[in-house]
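Student: Before I ask anything, let me first share the structure, which is written out below as structure tokens.
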Amino acid sequence: MHIKCVIGESRFIKAGSKYTYEGHRHPLTFVKKIYHYPECVPCGEPCQDLSIECMEHGCKYTVHWRCIKPDFLGSDGDSDIECGE
């Protein structure tokens, strides 16, 4: 069993928390996507689970945390492991 499968990849990030990203002009909000999976702006894949969205009216900016996470935070280590392996 993988630790990320049991407790989640980003267990210390609370949905609703704000994040300032130099690559976008508005503040961003951490969200947990459950039903609607918009496309990630940088990679084009659907944003499932922990994502970051711009809540500014009319702005459709949505990204995976892994796509914009600062390098100094490091990697999750098991990011290429899928549950069930």
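In the structure tokens, chains take letters A, B, ... by order of appearance, with residues numbered from 1 within each chain and ligands from 1 in the order shown.
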So that I can see what lies close to stretch 35-39 of chain A, please list as JSON, numbers by chain the residues with an atom at most 12 Å from it, counting only C-alpha atoms and leaving out residues fewer than 4 positions away in the same chain.
Tutor: {"A": [31, 43, 44, 45, 46, 47, 48, 49, 50, 51, 52, 53, 60, 61, 62, 63, 64]}
Student: Just checking: using only C-alpha atoms, which residue out of A:Cys40, A:Thr29, A:Asp71, A:His57 ends up closest to A:Gly16?
Tutor: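 Nearest to A:Gly16: A:Thr29.
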Student: Counting only C-alpha atoms, which of A:Ile68, A:Val41, A:Ile13, A:Cys59 gets nearest to A:Arg25?
Tutor: A:Cys59
